[in-house]
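Peer 1: Attaching a single structure in structure tokens format; questions to follow.
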Amino acid sequence: MALDAWKSMTSFLDDEEQGLSGWLDGLSERLQAGLTEAMETGGPSAQAAKDFLNGTWLGHPLHPALVFLPLGAWSTAAVLDVLGEQRAADASIGLGILSSLPTAAAGLAQWHDIQSKPRRVGMAHALLNTIALGCYAGSWAARAAGHRKLGISLSTLGLGTTGVSGYLGGELAYNLGVGVSRTAWSTEVEGASPAISEFQVAAPASSLVEGELSAGEIEVDGQKIPLVLLKRGNQVLALNGTCTHAGGPLAEGKLVDGDCVQCPWHGSIFNMHDGTVVQSPATAPQPHFEARVRDGNVEVRAVREG
Ligand code: FES
């Protein structure tokens, strides 16, 4: 019952026409435009920072991996307050405040490239976290000034706000799929399906143009899988054509930096040779295939490791 009531309270985020949703959308547009401008001004250094914060080096988003730091510290502080361990509780509050800053930066980097309802939910999540951080900063100051009761009240309010915000974080990841690789369930990943262990036709060889991206398609276990193909001399390079970030069509992207494909939606860059991520917001590599030309067709199969 309580959960149903809570879910109906948050359902306003579904409706773009409602006042608060519209306000969140407007705020999100302005903040995303500001971030885009900062990225353009910052050039390659800003992109490198964004790649790091997105978690490209980690292979999945960095934000959820950092969240445990402030949440753990603040939860520990609540327990220590109950036990009367004042100095340790205050130290935990401070640790939580400090660790919330890189956690927020990683969340902001990830949020920069999402749209519609996920962007709105992400903005509500960020605003609640900002309120929680304000509560903890106030708690820290109150504790330092000797106002212990006020400090504990503020940290308790911050913990409750963090819990509500955590629900929205879960909504983003588990119901809206933000940060989940769009090829996570593709049957060709790691040669998971016997149907792709043998070569199968992906496109007529005549559709390939030297040094240009083109589209192909295979069918695995009844599921159509788009491909992006690149001809380099006698070699054909092939990746899954659905961008792992949010499903952008890679065959409609650009060829950049030699043999890399740039997604047309948010600019992720993947190496056509092995699918590795060269530039975020994608964090998961693009599944890649072994490809050859036979009897006038491009054929592909899962890469056999080793
Ligand atoms: S869908 Fe976002 S970068 Fe490809």
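Starting from 1 in every chain, residues are counted up; chains themselves are A, B, ... following the order of the structure tokens, and ligands are numbered from 1 as listed.
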Under the rule of at most 8 Å, produce a per-residue listing of chain A near ligand 1: chain, number, name, the closest pair of atoms, and the distance in Å, as CSV, using only C-alpha atoms and all ligand atoms.

Peer 2:
```
residue,atom,partner,partner_atom_place_in_ligand_line,distance
A:Asp113,CA,ligand 1,2 (Fe),6.9
A:Thr242,CA,ligand 1,4 (Fe),7.8
A:Cys243,CA,ligand 1,4 (Fe),4.6
A:Thr244,CA,ligand 1,4 (Fe),6.6
A:His245,CA,ligand 1,2 (Fe),4.7
A:Ala246,CA,ligand 1,1 (S),3.8
A:Gly247,CA,ligand 1,1 (S),4.7
A:Gly248,CA,ligand 1,1 (S),3.8
A:Pro249,CA,ligand 1,4 (Fe),7.3
A:Leu250,CA,ligand 1,4 (Fe),7.3
A:Gln262,CA,ligand 1,3 (S),7.8
A:Cys263,CA,ligand 1,4 (Fe),4.6
A:Pro264,CA,ligand 1,4 (Fe),6.5
A:Trp265,CA,ligand 1,1 (S),5.0
A:His266,CA,ligand 1,3 (S),3.8
A:Gly267,CA,ligand 1,3 (S),4.8
A:Ser268,CA,ligand 1,3 (S),4.1
A:Ile269,CA,ligand 1,3 (S),7.6
A:Ser280,CA,ligand 1,3 (S),7.2
A:Pro281,CA,ligand 1,3 (S),5.8
A:Ala282,CA,ligand 1,3 (S),5.9
```

Peer 1: Write the residues you've just listed into a file as a PDB file, in the first residue's frame, and include C-alpha atoms for each of them.

Peer 2:
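Once written, again06.pdb looks like this:
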```pdb
ATOM      1  CA  ASP A 113      23.602  12.656 -22.538  1.00  0.00           C
ATOM      2  CA  THR A 242      23.322  -0.744 -32.099  1.00  0.00           C
ATOM      3  CA  CYS A 243      25.311   1.661 -29.907  1.00  0.00           C
ATOM      4  CA  THR A 244      25.810   0.229 -26.424  1.00  0.00           C
ATOM      5  CA  HIS A 245      25.137   3.656 -24.894  1.00  0.00           C
ATOM      6  CA  ALA A 246      21.513   4.231 -25.853  1.00  0.00           C
ATOM      7  CA  GLY A 247      20.895   2.302 -29.047  1.00  0.00           C
ATOM      8  CA  GLY A 248      22.014   4.802 -31.707  1.00  0.00           C
ATOM      9  CA  PRO A 249      22.393   3.468 -35.287  1.00  0.00           C
ATOM     10  CA  LEU A 250      26.159   3.230 -35.791  1.00  0.00           C
ATOM     11  CA  GLN A 262      31.265   7.819 -34.081  1.00  0.00           C
ATOM     12  CA  CYS A 263      27.652   7.345 -33.004  1.00  0.00           C
ATOM     13  CA  PRO A 264      25.286   9.924 -34.541  1.00  0.00           C
ATOM     14  CA  TRP A 265      23.286  10.346 -31.316  1.00  0.00           C
ATOM     15  CA  HIS A 266      25.693  11.390 -28.536  1.00  0.00           C
ATOM     16  CA  GLY A 267      29.122  11.076 -30.120  1.00  0.00           C
ATOM     17  CA  SER A 268      30.500   7.879 -28.547  1.00  0.00           C
ATOM     18  CA  ILE A 269      33.458   6.556 -30.548  1.00  0.00           C
ATOM     19  CA  SER A 280      32.205   8.253 -23.921  1.00  0.00           C
ATOM     20  CA  PRO A 281      29.320   8.515 -23.103  1.00  0.00           C
ATOM     21  CA  ALA A 282      29.375   4.798 -23.949  1.00  0.00           C
TER      22      ALA A 282
END
```

Peer 1: What parts of stretch 104-289 of chain A does DSSP call strand (DSSP E)? I'd like the answer as an MDAnalysis selection string.

Peer 2: chainID A and resid 200:204 213:220 223:232 235:240 254:256 260:262 269:271 277:279 288:289

Peer 1: Those same residues, written as a PDB file, in the first residue's frame with C-alpha atoms?

Peer 2:
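Ended up saving to result.pdb:
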```
ATOM      1  CA  GLN A 200      26.367 -16.185 -42.081  1.00  0.00           C
ATOM      2  CA  VAL A 201      25.591 -13.597 -44.752  1.00  0.00           C
ATOM      3  CA  ALA A 202      25.385 -10.005 -43.480  1.00  0.00           C
ATOM      4  CA  ALA A 203      25.321  -7.935 -46.711  1.00  0.00           C
ATOM      5  CA  PRO A 204      26.167  -8.127 -50.420  1.00  0.00           C
ATOM      6  CA  LEU A 213      30.790   2.805 -43.272  1.00  0.00           C
ATOM      7  CA  SER A 214      27.897   0.679 -44.437  1.00  0.00           C
ATOM      8  CA  ALA A 215      25.076  -1.300 -42.870  1.00  0.00           C
ATOM      9  CA  GLY A 216      24.551  -5.043 -42.641  1.00  0.00           C
ATOM     10  CA  GLU A 217      22.200  -7.338 -40.786  1.00  0.00           C
ATOM     11  CA  ILE A 218      22.152 -10.877 -39.479  1.00  0.00           C
ATOM     12  CA  GLU A 219      19.474 -12.912 -37.778  1.00  0.00           C
ATOM     13  CA  VAL A 220      20.317 -14.880 -34.655  1.00  0.00           C
ATOM     14  CA  GLN A 223      16.389 -11.744 -33.599  1.00  0.00           C
ATOM     15  CA  LYS A 224      17.586  -9.270 -36.257  1.00  0.00           C
ATOM     16  CA  ILE A 225      20.938  -7.724 -35.355  1.00  0.00           C
ATOM     17  CA  PRO A 226      22.068  -4.632 -37.271  1.00  0.00           C
ATOM     18  CA  LEU A 227      25.757  -4.327 -38.107  1.00  0.00           C
ATOM     19  CA  VAL A 228      28.104  -1.545 -39.091  1.00  0.00           C
ATOM     20  CA  LEU A 229      30.713  -2.611 -41.648  1.00  0.00           C
ATOM     21  CA  LEU A 230      33.939  -1.061 -42.913  1.00  0.00           C
ATOM     22  CA  LYS A 231      36.036  -2.225 -45.871  1.00  0.00           C
ATOM     23  CA  ARG A 232      39.782  -1.690 -45.611  1.00  0.00           C
ATOM     24  CA  GLN A 235      39.767  -6.768 -44.749  1.00  0.00           C
ATOM     25  CA  VAL A 236      36.177  -6.189 -43.586  1.00  0.00           C
ATOM     26  CA  LEU A 237      35.560  -4.916 -40.053  1.00  0.00           C
ATOM     27  CA  ALA A 238      32.192  -5.550 -38.417  1.00  0.00           C
ATOM     28  CA  LEU A 239      30.564  -4.371 -35.183  1.00  0.00           C
ATOM     29  CA  ASN A 240      27.082  -4.711 -33.762  1.00  0.00           C
ATOM     30  CA  LYS A 254      30.834   8.986 -39.036  1.00  0.00           C
ATOM     31  CA  LEU A 255      34.205   7.401 -39.666  1.00  0.00           C
ATOM     32  CA  VAL A 256      36.737   9.231 -37.469  1.00  0.00           C
ATOM     33  CA  CYS A 260      36.730   4.366 -35.594  1.00  0.00           C
ATOM     34  CA  VAL A 261      32.983   4.899 -35.823  1.00  0.00           C
ATOM     35  CA  GLN A 262      31.265   7.819 -34.081  1.00  0.00           C
ATOM     36  CA  ILE A 269      33.458   6.556 -30.548  1.00  0.00           C
ATOM     37  CA  PHE A 270      34.305   2.854 -30.982  1.00  0.00           C
ATOM     38  CA  ASN A 271      37.312   1.186 -32.584  1.00  0.00           C
ATOM     39  CA  VAL A 277      35.270   2.487 -26.452  1.00  0.00           C
ATOM     40  CA  VAL A 278      37.476   5.391 -27.519  1.00  0.00           C
ATOM     41  CA  GLN A 279      35.170   8.172 -26.325  1.00  0.00           C
ATOM     42  CA  HIS A 288      32.554  -7.209 -32.780  1.00  0.00           C
ATOM     43  CA  PHE A 289      32.616  -9.954 -35.409  1.00  0.00           C
TER      44      PHE A 289
END
```

Peer 1: Please build the interface table for stretch 142-261 of chain A against stretch 124-137 of chain A with a cut-off of 9 Å, listing for each qualifying residue the nearest atom pair and the distance in Å to one decimal; count only C-alpha atoms, order rows by chain and increasing number, and write it as JSON lines.

Peer 2:
```
{"residue": "A:Ala142", "atom": "CA", "partner": "A:Ala137", "partner_atom": "CA", "distance": 8.6}
{"residue": "A:Gly151", "atom": "CA", "partner": "A:Tyr136", "partner_atom": "CA", "distance": 8.2}
{"residue": "A:Leu154", "atom": "CA", "partner": "A:Cys135", "partner_atom": "CA", "distance": 5.3}
{"residue": "A:Ser155", "atom": "CA", "partner": "A:Tyr136", "partner_atom": "CA", "distance": 5.3}
{"residue": "A:Thr156", "atom": "CA", "partner": "A:Cys135", "partner_atom": "CA", "distance": 8.5}
{"residue": "A:Leu157", "atom": "CA", "partner": "A:Cys135", "partner_atom": "CA", "distance": 6.8}
{"residue": "A:Gly158", "atom": "CA", "partner": "A:Ala132", "partner_atom": "CA", "distance": 4.3}
{"residue": "A:Leu159", "atom": "CA", "partner": "A:Ala132", "partner_atom": "CA", "distance": 7.0}
{"residue": "A:Gly160", "atom": "CA", "partner": "A:Ala132", "partner_atom": "CA", "distance": 8.2}
{"residue": "A:Thr161", "atom": "CA", "partner": "A:Ala132", "partner_atom": "CA", "distance": 5.6}
{"residue": "A:Thr162", "atom": "CA", "partner": "A:Ala132", "partner_atom": "CA", "distance": 5.9}
{"residue": "A:Val164", "atom": "CA", "partner": "A:Leu128", "partner_atom": "CA", "distance": 7.8}
{"residue": "A:Ser165", "atom": "CA", "partner": "A:His125", "partner_atom": "CA", "distance": 5.0}
{"residue": "A:Gly166", "atom": "CA", "partner": "A:His125", "partner_atom": "CA", "distance": 7.5}
{"residue": "A:Tyr167", "atom": "CA", "partner": "A:His125", "partner_atom": "CA", "distance": 8.6}
{"residue": "A:Leu168", "atom": "CA", "partner": "A:His125", "partner_atom": "CA", "distance": 5.8}
{"residue": "A:Gly169", "atom": "CA", "partner": "A:His125", "partner_atom": "CA", "distance": 6.5}
```

Peer 1: Output C-alpha atoms of each residue in that selection to a file, as a compact mmCIF listing (two decimals), in the first residue's frame.

Peer 2:
```
# COMPACT_ATOMS: atom_id res chain seq x y z
CA ALA A 142 25.83 22.74 13.63
CA GLY A 151 23.11 18.62 13.80
CA LEU A 154 19.62 17.85 9.96
CA SER A 155 21.58 14.67 9.23
CA THR A 156 18.44 12.58 9.85
CA LEU A 157 16.55 14.77 7.37
CA GLY A 158 19.45 14.38 4.92
CA LEU A 159 19.40 10.60 5.28
CA GLY A 160 15.66 10.46 4.58
CA THR A 161 16.07 12.69 1.53
CA THR A 162 18.90 10.49 0.30
CA VAL A 164 13.95 9.06 -1.57
CA SER A 165 16.60 10.09 -4.07
CA GLY A 166 17.99 6.55 -4.05
CA TYR A 167 14.58 5.27 -5.12
CA LEU A 168 14.77 7.55 -8.18
CA GLY A 169 18.31 6.33 -8.85
```

Peer 1: Just the residues within 9 Å of A:Arg148, please, counting only C-alpha atoms, with nothing from its chain fewer than 5 positions along; format it as a list in words.

Peer 2: Gln86, Ser139, Ala142, Arg143 and Ser153 of chain A

Peer 1: To test your reading of the structure, identify every residue in stretch 30-224 of chain A that backbone DSSP assigns to helix (DSSP H, G or I), and report it as a ChimeraX atom specification.

Peer 2: /A:30-54,63-66,68-83,86-111,116-144,148-175,189-191,194-196,205-207

Peer 1: Using only C-alpha atoms, find the one residue out of A:Gly179, A:Gly258, A:Gly296, A:Gly170 that sits nearest to A:Thr56.

Peer 2: A:Gly179

Peer 1: Can you tell me, as a ChimeraX atom specification, what residues are no more than 8 Å from A:Leu71 when counting only C-alpha atoms, ignoring any on the same chain fewer than 4 positions away?

Peer 2: /A:67,75,96,162

Peer 1: With only C-alpha atoms as the basis for distance, which of A:Val121, A:Leu108, A:Trp74, A:Gly146 is at the shortest distance from A:Gly163?

Peer 2: A:Trp74

Peer 1: Grab the atom CA of A:Gly59 to atom CA of A:Ala284 distance for me, in Å with one decimal place.

Peer 2: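 Spanning atom CA of A:Gly59 to atom CA of A:Ala284 is a straight-line distance of 5.2 Å.
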
Peer 1: Report the distance between atom CA of A:Gly84 and atom CA of A:Ala145 in Å, rounded to one decimal place.

Peer 2: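 Interatomic distance, atom CA of A:Gly84 to atom CA of A:Ala145: 17.4 Å.
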
Peer 1: Of the candidates A:Gln286, A:Gln110, A:Ser197, A:Asn297, which shows the shortest atom-to-atom distance to A:Gln32, using only C-alpha atoms?

Peer 2: A:Gln110

Peer 1: Smallest atom-to-atom distance to A:Pro118: which of A:Leu83, A:Ala144, A:Leu176, A:Ala91, using only C-alpha atoms?

Peer 2: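 That would be A:Leu176, the residue with the smallest distance to A:Pro118.
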
Peer 1: Write out as a list of chain:residue names each polymer residue whose atoms come within 12 Å of A:Ser99, counting only C-alpha atoms; drop sequence neighbours fewer than 6 positions from it.

Peer 2: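 So, after excluding close chain neighbours, the residues are A:His63, A:Ala65, A:Leu66, A:Val67, A:Phe68, A:Leu69, A:Pro70, A:Leu71, A:Gly72, A:Ala73, A:Trp74, A:Ser92, A:Ile93, A:Ala105, A:Ala106, A:Leu133.
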
Peer 1: Can you write out the residues you just picked, keeping C-alpha atoms, as a tab-separated table (two decimals), in the first residue's frame?

Peer 2:
```tsv
chain	number	residue	atom	x	y	z
A	63	HIS	CA	28.52	6.89	-10.76
A	65	ALA	CA	30.28	2.51	-8.19
A	66	LEU	CA	30.88	5.71	-6.18
A	67	VAL	CA	27.43	6.03	-4.62
A	68	PHE	CA	28.28	3.65	-1.79
A	69	LEU	CA	30.85	6.15	-0.41
A	70	PRO	CA	28.51	8.97	0.73
A	71	LEU	CA	25.63	6.57	1.45
A	72	GLY	CA	27.86	4.31	3.52
A	73	ALA	CA	29.43	7.20	5.41
A	74	TRP	CA	26.10	8.87	6.18
A	92	SER	CA	31.55	10.10	8.96
A	93	ILE	CA	29.39	13.11	8.10
A	105	ALA	CA	30.33	14.88	-10.85
A	106	ALA	CA	30.16	11.32	-12.23
A	133	LEU	CA	24.00	17.57	0.76
```

Peer 1: May I ask for the distance between atom CA of A:Ser186 and atom CA of A:Asp221, given in Å to one decimal place?

Peer 2: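 According to the coordinates, atom CA of A:Ser186 and atom CA of A:Asp221 are separated by 10.1 Å.
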